[in-house]
$ cat model02.cif   # mmCIF, C-alpha atoms
data_query
#
loop_
_atom_site.label_atom_id
_atom_site.label_comp_id
_atom_site.auth_asym_id
_atom_site.auth_seq_id
_atom_site.Cartn_x
_atom_site.Cartn_y
_atom_site.Cartn_z
CA MET A 1 -26.80 -19.89 -183.44
CA ALA A 2 -29.88 -17.90 -182.42
CA ALA A 3 -31.50 -17.96 -185.87
CA THR A 4 -30.99 -21.72 -186.14
CA GLU A 5 -32.86 -22.13 -182.85
CA LYS A 6 -35.56 -19.61 -183.74
CA TYR A 7 -36.47 -21.37 -186.98
CA LYS A 8 -35.97 -24.95 -185.82
CA ALA A 9 -39.68 -25.76 -186.24
CA LEU A 10 -39.41 -24.55 -189.83
CA THR A 11 -36.32 -26.55 -190.75
CA ASP A 12 -37.79 -29.62 -189.02
CA ALA A 13 -40.97 -29.19 -191.06
CA ALA A 14 -38.92 -28.85 -194.25
CA SER A 15 -37.13 -32.15 -193.74
CA ALA A 16 -40.34 -33.87 -192.61
CA ALA A 17 -42.17 -32.65 -195.73
CA GLY A 18 -39.57 -34.22 -198.01
CA VAL A 19 -37.75 -31.10 -199.19
CA THR A 20 -34.75 -32.32 -201.19
CA ASP A 21 -31.26 -30.81 -201.43
CA LEU A 22 -32.07 -29.14 -198.13
CA GLN A 23 -29.26 -26.86 -196.98
CA VAL A 24 -29.48 -25.01 -193.68
CA ARG A 25 -26.65 -22.84 -192.45
CA GLU A 26 -26.29 -19.79 -190.26
CA GLN A 27 -23.85 -17.06 -191.19
CA ASP A 28 -23.45 -13.64 -189.55
CA GLY A 29 -26.74 -13.97 -187.70
CA VAL A 30 -28.77 -14.91 -190.79
CA LEU A 31 -30.11 -18.39 -191.40
CA TYR A 32 -30.07 -19.53 -195.03
CA ILE A 33 -32.44 -22.32 -196.03
CA ASP A 34 -32.29 -23.66 -199.57
CA GLY A 35 -34.07 -26.64 -201.02
CA THR A 36 -36.57 -28.03 -203.45
CA ALA A 37 -40.10 -28.76 -202.28
CA PRO A 38 -41.97 -31.72 -203.78
CA SER A 39 -45.00 -29.50 -204.49
CA GLY A 40 -46.28 -25.94 -204.38
CA ALA A 41 -48.43 -26.91 -201.40
CA VAL A 42 -45.33 -27.84 -199.39
CA LYS A 43 -43.69 -24.53 -200.25
CA ASP A 44 -46.82 -22.65 -199.14
CA GLN A 45 -46.95 -24.67 -195.94
CA LEU A 46 -43.33 -23.73 -195.13
CA TRP A 47 -44.00 -20.06 -195.79
CA GLN A 48 -47.03 -20.30 -193.50
CA LYS A 49 -44.78 -21.72 -190.81
CA TYR A 50 -42.28 -18.89 -191.39
CA GLY A 51 -45.21 -16.46 -191.01
CA GLN A 52 -46.13 -18.03 -187.68
CA ILE A 53 -42.62 -17.52 -186.31
CA ASP A 54 -42.15 -14.03 -187.77
CA PRO A 55 -45.64 -12.72 -188.74
CA ASN A 56 -44.49 -9.71 -190.81
CA PHE A 57 -41.12 -11.09 -191.95
CA THR A 58 -39.30 -8.26 -190.19
CA GLY A 59 -36.64 -10.31 -188.36
CA GLY A 60 -33.99 -9.85 -191.04
CA ASP A 61 -32.51 -13.16 -189.91
CA LEU A 62 -33.80 -15.67 -192.48
CA ILE A 63 -33.43 -16.12 -196.22
CA MET A 64 -35.62 -19.01 -197.34
CA ASN A 65 -35.12 -20.00 -200.95
CA ILE A 66 -37.44 -22.94 -201.53
CA LYS A 67 -38.06 -23.89 -205.12
CA VAL A 68 -40.77 -26.23 -206.29
CA GLY A 69 -39.53 -29.37 -207.96
CA MET A 70 -41.08 -29.75 -211.37
CA ASP A 71 -41.44 -32.74 -213.59
CA ALA A 72 -39.37 -32.18 -216.75
CA ALA A 73 -42.36 -33.48 -218.71
CA VAL A 74 -44.48 -30.44 -217.76
CA THR A 75 -45.10 -28.33 -220.87
CA GLN A 76 -48.21 -26.40 -219.87
CA VAL A 77 -48.45 -23.64 -217.28
CA LYS A 78 -51.39 -21.66 -216.01
CA VAL A 79 -51.30 -17.89 -215.53
CA VAL A 80 -51.93 -17.25 -211.83
CA THR A 81 -51.77 -13.45 -211.58
CA GLU A 82 -54.13 -11.83 -209.08
CA SER A 83 -56.47 -10.66 -211.83
CA SER A 84 -54.49 -8.83 -214.51
CA ASN A 85 -52.90 -10.05 -217.72
CA LEU A 86 -49.35 -11.34 -217.60
CA ASN A 87 -46.73 -9.53 -219.62
CA ILE A 88 -44.54 -11.58 -221.92
CA ARG A 89 -41.23 -9.89 -222.57
CA LYS A 90 -38.44 -10.10 -225.10
CA GLY A 91 -35.84 -10.95 -222.45
CA PRO A 92 -35.74 -11.91 -218.74
CA GLY A 93 -36.33 -8.59 -216.96
CA THR A 94 -38.98 -5.91 -216.49
CA ASP A 95 -36.69 -3.54 -218.41
CA GLN A 96 -37.29 -5.66 -221.52
CA PRO A 97 -39.97 -4.68 -224.07
CA ILE A 98 -43.34 -6.41 -223.85
CA VAL A 99 -43.92 -8.70 -226.80
CA GLY A 100 -47.26 -10.15 -225.77
CA LYS A 101 -49.73 -10.81 -222.99
CA ALA A 102 -51.36 -13.89 -221.51
CA ALA A 103 -54.75 -13.62 -219.83
CA HIS A 104 -55.33 -14.37 -216.15
CA GLY A 105 -56.23 -18.06 -215.85
CA GLU A 106 -55.05 -18.91 -219.35
CA THR A 107 -52.96 -22.04 -219.96
CA ILE A 108 -49.87 -21.45 -222.08
CA THR A 109 -46.91 -23.51 -223.29
CA LEU A 110 -43.75 -23.69 -221.23
CA VAL A 111 -40.74 -23.68 -223.55
CA SER A 112 -37.94 -23.67 -221.00
CA ARG A 113 -37.14 -22.69 -217.45
CA SER A 114 -33.99 -20.76 -218.26
CA ASN A 115 -33.74 -19.17 -214.83
CA ASP A 116 -35.57 -19.29 -211.50
CA GLN A 117 -37.38 -15.98 -211.97
CA TRP A 118 -38.14 -15.89 -215.71
CA TRP A 119 -39.51 -18.72 -217.81
CA LEU A 120 -39.66 -18.83 -221.60
CA VAL A 121 -43.29 -19.34 -222.68
CA ARG A 122 -45.42 -19.38 -225.83
CA THR A 123 -49.04 -18.29 -226.07
CA ALA A 124 -51.73 -19.89 -228.21
CA ASP A 125 -51.16 -17.06 -230.72
CA GLY A 126 -47.54 -18.13 -231.07
CA GLU A 127 -46.09 -15.15 -229.17
CA GLU A 128 -42.93 -16.32 -227.46
CA GLY A 129 -41.07 -14.58 -224.67
CA TYR A 130 -40.24 -14.45 -220.97
CA ALA A 131 -42.81 -14.33 -218.17
CA TYR A 132 -42.30 -13.89 -214.44
CA ALA A 133 -42.26 -17.42 -212.99
CA GLN A 134 -44.08 -16.47 -209.78
CA TYR A 135 -47.22 -15.97 -211.88
CA LEU A 136 -47.01 -19.38 -213.54
CA GLU A 137 -48.20 -22.68 -212.13
CA PRO A 138 -47.39 -26.06 -213.69
CA VAL A 139 -50.32 -27.97 -215.12
CA GLN A 140 -49.77 -31.67 -214.49
CA MET B 1 5.69 -56.50 -139.12
CA LYS B 2 7.51 -55.22 -142.17
CA ILE B 3 5.92 -57.83 -144.35
CA LEU B 4 2.45 -56.59 -143.44
CA LYS B 5 3.35 -53.08 -144.51
CA LEU B 6 4.68 -54.37 -147.80
CA LEU B 7 1.69 -56.56 -148.53
CA PRO B 8 -0.49 -53.94 -150.26
CA ALA B 9 2.46 -52.94 -152.42
CA LEU B 10 3.13 -56.53 -153.38
CA VAL B 11 -0.47 -57.08 -154.30
CA LEU B 12 -0.35 -53.96 -156.42
CA VAL B 13 2.82 -55.06 -158.20
CA ALA B 14 1.37 -58.50 -158.82
CA GLY B 15 -1.81 -56.96 -160.20
CA LEU B 16 0.09 -54.60 -162.47
CA SER B 17 2.35 -57.28 -163.87
CA PHE B 18 -0.67 -59.44 -164.49
CA THR B 19 -2.55 -56.91 -166.57
CA GLY B 20 0.74 -55.45 -167.81
CA CYS B 21 1.48 -58.33 -170.18
CA LYS B 22 -1.75 -58.11 -172.05
CA PRO B 23 -4.17 -55.28 -171.28
CA LYS B 24 -7.79 -56.31 -171.30
CA ASP B 25 -9.84 -55.18 -174.30
CA ALA B 26 -12.13 -53.22 -172.03
CA ASP B 27 -9.19 -51.32 -170.53
CA VAL B 28 -7.74 -50.63 -173.97
CA LYS B 29 -11.12 -49.32 -175.08
CA ALA B 30 -11.28 -47.02 -172.06
CA SER B 31 -7.76 -45.71 -172.74
CA ILE B 32 -8.54 -45.00 -176.39
CA GLU B 33 -11.78 -43.27 -175.46
CA LYS B 34 -9.98 -41.14 -172.91
CA SER B 35 -7.37 -40.14 -175.46
CA LEU B 36 -10.00 -39.34 -178.14
CA LYS B 37 -12.03 -37.24 -175.69
CA GLU B 38 -9.04 -34.96 -175.11
CA ASP B 39 -9.38 -33.59 -178.63
CA PRO B 40 -12.74 -32.01 -179.52
CA SER B 41 -12.35 -33.06 -183.17
CA THR B 42 -12.25 -36.74 -182.22
CA ALA B 43 -14.47 -36.65 -179.12
CA GLY B 44 -17.45 -38.14 -180.97
CA VAL B 45 -15.64 -41.20 -182.32
CA MET B 46 -16.92 -44.57 -181.12
CA VAL B 47 -14.51 -47.35 -180.17
CA MET B 48 -14.70 -51.12 -180.10
CA VAL B 49 -11.78 -53.36 -179.15
CA ASP B 50 -11.58 -57.06 -179.80
CA LYS B 51 -8.37 -59.01 -179.16
CA GLY B 52 -6.22 -55.95 -179.65
CA VAL B 53 -8.00 -54.81 -182.81
CA ALA B 54 -9.49 -51.37 -182.30
CA THR B 55 -12.37 -50.40 -184.55
CA LEU B 56 -13.20 -46.71 -184.81
CA SER B 57 -16.54 -45.52 -186.16
CA GLY B 58 -18.78 -42.49 -186.31
CA GLU B 59 -18.66 -39.14 -188.07
CA VAL B 60 -15.89 -36.56 -187.84
CA ALA B 61 -15.59 -33.16 -189.49
CA ASP B 62 -12.68 -33.81 -191.85
CA GLU B 63 -9.80 -36.06 -192.94
CA THR B 64 -7.46 -34.52 -190.37
CA ALA B 65 -9.75 -35.61 -187.56
CA ARG B 66 -9.93 -39.12 -189.04
CA THR B 67 -6.14 -39.39 -189.07
CA THR B 68 -5.87 -37.91 -185.58
CA ALA B 69 -8.29 -40.51 -184.24
CA GLU B 70 -6.31 -43.32 -185.84
CA THR B 71 -2.97 -42.03 -184.55
CA LYS B 72 -4.37 -41.64 -181.06
CA ALA B 73 -5.77 -45.18 -181.07
CA LYS B 74 -2.50 -46.66 -182.37
CA ALA B 75 -0.56 -44.96 -179.58
CA VAL B 76 -2.50 -46.78 -176.89
CA LYS B 77 -0.74 -49.74 -175.33
CA GLY B 78 -2.34 -53.06 -176.23
CA VAL B 79 -3.61 -51.91 -179.63
CA GLU B 80 -2.27 -54.13 -182.37
CA THR B 81 -4.19 -52.84 -185.34
CA VAL B 82 -6.69 -50.07 -185.94
CA GLN B 83 -9.65 -50.45 -188.23
CA ASN B 84 -10.61 -46.87 -189.06
CA ASN B 85 -14.27 -46.84 -190.12
CA THR B 86 -14.90 -43.19 -189.31
CA THR B 87 -16.51 -41.10 -192.01
CA THR B 88 -16.37 -37.40 -192.73
CA VAL B 89 -19.50 -35.26 -192.70
CA PRO B 90 -20.10 -33.70 -196.12
CA ALA B 91 -19.54 -29.96 -195.78
CA ALA B 92 -22.62 -27.79 -196.20
CA ALA B 93 -22.65 -25.90 -199.47
CA PRO B 94 -21.45 -22.35 -198.89
CA VAL B 95 -24.09 -19.64 -198.89
CA THR B 96 -24.25 -17.96 -202.29
CA ILE B 97 -25.09 -14.28 -202.24
CA THR B 98 -26.16 -12.65 -205.49
CA ALA B 99 -23.98 -9.73 -206.61
CA ASP B 100 -25.59 -6.29 -206.38
CA ASP B 101 -26.05 -5.84 -210.13
CA PRO B 102 -28.17 -8.91 -210.89
CA LEU B 103 -29.77 -8.58 -207.45
CA SER B 104 -30.94 -5.02 -208.18
CA GLY B 105 -32.45 -6.21 -211.47
CA GLY B 106 -34.21 -9.05 -209.66
CA VAL B 107 -35.51 -6.72 -206.94
CA ARG B 108 -36.82 -4.29 -209.56
CA ASP B 109 -38.70 -7.17 -211.27
CA ALA B 110 -40.04 -8.54 -208.00
CA THR B 111 -41.31 -5.20 -206.68
CA LYS B 112 -42.76 -3.93 -209.98
CA ASP B 113 -46.30 -5.03 -209.14
CA TYR B 114 -46.23 -3.46 -205.67
CA PRO B 115 -46.35 0.31 -206.35
CA GLY B 116 -46.19 1.31 -202.67
CA VAL B 117 -42.93 -0.57 -202.10
CA ASN B 118 -39.49 1.04 -202.37
CA ALA B 119 -36.46 -1.20 -202.41
CA THR B 120 -32.75 -0.47 -202.35
CA VAL B 121 -29.85 -2.89 -202.63
CA ASN B 122 -26.50 -2.43 -200.94
CA ASP B 123 -23.86 -5.14 -200.52
CA GLY B 124 -26.43 -7.88 -200.91
CA VAL B 125 -28.84 -6.38 -198.39
CA ILE B 126 -32.31 -5.50 -199.66
CA THR B 127 -33.95 -2.69 -197.69
CA LEU B 128 -37.69 -2.31 -198.08
CA THR B 129 -39.61 0.85 -197.21
CA GLY B 130 -43.10 2.08 -198.01
CA GLU B 131 -46.29 0.13 -197.51
CA ILE B 132 -47.89 -3.12 -198.57
CA SER B 133 -51.05 -5.05 -197.83
CA LYS B 134 -50.83 -7.99 -195.45
CA ALA B 135 -52.10 -10.29 -198.22
CA SER B 136 -49.41 -9.30 -200.72
CA LEU B 137 -46.50 -9.43 -198.29
CA PRO B 138 -45.80 -13.21 -198.44
CA ASN B 139 -45.72 -13.18 -202.26
CA LEU B 140 -43.28 -10.29 -202.33
CA MET B 141 -41.10 -11.94 -199.68
CA MET B 142 -41.10 -15.25 -201.58
CA ALA B 143 -39.92 -13.49 -204.74
CA LEU B 144 -37.22 -11.53 -202.88
CA ASN B 145 -35.96 -14.55 -200.91
CA SER B 146 -35.50 -16.53 -204.13
CA LEU B 147 -33.05 -13.88 -205.39
CA LYS B 148 -30.51 -15.04 -202.79
CA PRO B 149 -29.76 -11.74 -201.05
CA ARG B 150 -27.53 -11.55 -197.99
CA LYS B 151 -30.34 -10.19 -195.89
CA ILE B 152 -33.71 -8.46 -196.14
CA GLU B 153 -34.35 -5.43 -193.94
CA ASN B 154 -38.12 -5.18 -194.01
CA ASN B 155 -39.24 -1.73 -192.84
CA LEU B 156 -42.54 -1.87 -194.68
CA THR B 157 -45.70 -0.59 -193.07
CA ILE B 158 -48.33 -3.32 -193.25
CA LYS B 159 -51.71 -1.96 -194.23
#
$ encode --input "model02.cif" --output "structure tokens"
Amino acid sequence: MAATEKYKALTDAASAAGVTDLQVREQDGVLYIDGTAPSGAVKDQLWQKYGQIDPNFTGGDLIMNIKVGMDAAVTQVKVVTESSNLNIRKGPGTDQPIVGKAAHGETITLVSRSNDQWWLVRTADGEEGYAYAQYLEPVQ
Amino acid sequence: MKILKLLPALVLVAGLSFTGCKPKDADVKASIEKSLKEDPSTAGVMVMVDKGVATLSGEVADETARTTAETKAKAVKGVETVQNNTTTVPAAAPVTITADDPLSGGVRDATKDYPGVNATVNDGVITLTGEISKASLPNLMMALNSLKPRKIENNLTIK
């Protein structure tokens, strides 16, 4: 249970920070942590902790899948790309044709969170399609 | 002088017959504990005995261990009834590993914005080669970790 020991500070922090549905198990030398963080800040804090234990994420001994819990009432999301526009696609995948774009910093409508990676959104112009969830931040 | 030699034995017999009729709760408790400790699956069970009623509590791994604990307690002399209050620990959800097909699609999406990064997927293991900036690395890792791979072999050069 070497990985369990190695990342104990991280799993302790996760339970202390109120991560729900927290699952921690070690299998074949890899530790799997799943859970839902109460906020994006908590998720960032856990990733920071991970970065302190394994600065370049090269250990190959941890898979941390922490989602951010989101109020079902949230209907607006902000585009948080580094600087570029965000592609809106016909289906969930980068192999899907681009049907529209949302500007960096723009607030758009969240239609549904059909999967963890791709959310269905609608722009102010009425263009509807899938955008990569990592570049979207809920607006409370 | 025969009587003197026999004296310790007599005392012992008297003592045994005394406790033999009705073992003391404390002794019963000790016997149950000893019996439970012999089996690793029941070693963590806590015991209380009051007037021959043994109460078992604590967490065990599964139903089998619960039954074992109860059977062991019942077998101890002086136990009239067993109150089995042990509970089973809910099993951790098994680790789900994404199949290679959807995983490859997810990896392609996640690495699209990092032109210097090459990623391959084999039996749930994502192998990363190429280069990335230190600032972008956490974001890429977050996206890849959320795809539920078996493992990530990160051989990226950090710029």
$ resolve_selection --input "model02.cif" --expression "the PyMOL selection byres ((chain A and resi 99) around 10)" --output "ChimeraX atom specification"
/A:87-91,96-98,100-101,127-130
$ resolve_selection --input "model02.cif" --expression "the PyMOL selection byres ((chain A) within 6 of (chain B))" --output "NGL selection string"
:A and (58 or 60 or 63-65 or 94)
$ residues_near_point --input "model02.cif" --point "(-18.7, -41.2, -185.0)" --cutoff "8 Å" --atoms "all atoms listed in the file" --output "list in words"
Gly44, Val45, Met46, Leu56, Ser57, Gly58, Glu59, Val60, Thr86 and Thr87 of chain B
$ atom_distance --input "model02.cif" --atom1 "CA of Asp28 in chain A" --atom2 "CA of Gly69 in chain A"
29.1 Å
$ atom_distance --input "model02.cif" --atom1 "CA of Tyr7 in chain A" --atom2 "CA of Gly59 in chain A"
11.1 Å
$ closest_residue --input "model02.cif" --among "B:Lys34, B:Lys51, B:Lys22, B:Lys159" --to "Lys77 in chain B" --atoms "all atoms listed in the file"
B:Lys22
$ atom_distance --input "model02.cif" --atom1 "CA of Thr98 in chain B" --atom2 "CA of Val77 in chain A"
27.5 Å
$ residues_around --input "model02.cif" --residues "range 15-21 of chain A" --least-positions-apart "6" --cutoff "10 Å" --atoms "only C-alpha atoms" --output "list in words"
Asp34, Gly35, Thr36, Ala37, Pro38, Ser39, Val42, Lys43, Gln45, Leu46, Ile66, Lys67, Val68 and Gly69 of chain A
$ write_last_selection --input "model02.cif" --atoms "C-alpha atoms" --output "compact mmCIF listing (two decimals), in the frame of the given file"
# COMPACT_ATOMS: atom_id res chain seq x y z
CA ASP A 34 -32.29 -23.66 -199.57
CA GLY A 35 -34.07 -26.64 -201.02
CA THR A 36 -36.57 -28.03 -203.45
CA ALA A 37 -40.10 -28.76 -202.28
CA PRO A 38 -41.97 -31.72 -203.78
CA SER A 39 -45.00 -29.50 -204.49
CA VAL A 42 -45.33 -27.84 -199.39
CA LYS A 43 -43.69 -24.53 -200.25
CA GLN A 45 -46.95 -24.67 -195.94
CA LEU A 46 -43.33 -23.73 -195.13
CA ILE A 66 -37.44 -22.94 -201.53
CA LYS A 67 -38.06 -23.89 -205.12
CA VAL A 68 -40.77 -26.23 -206.29
CA GLY A 69 -39.53 -29.37 -207.96
$ resolve_selection --input "model02.cif" --expression "the PyMOL selection byres ((chain B and resi 119) around 8)" --output "list in words"
Val107, Arg108, Thr111, Val117, Asn118, Thr120, Val121, Ile126, Thr127, Leu128 and Thr129 of chain B
$ closest_residue --input "model02.cif" --among "A:Gln52, A:Gln117, A:Thr11, A:Gln134" --to "Leu86 in chain A" --atoms "all atoms listed in the file"
A:Gln134
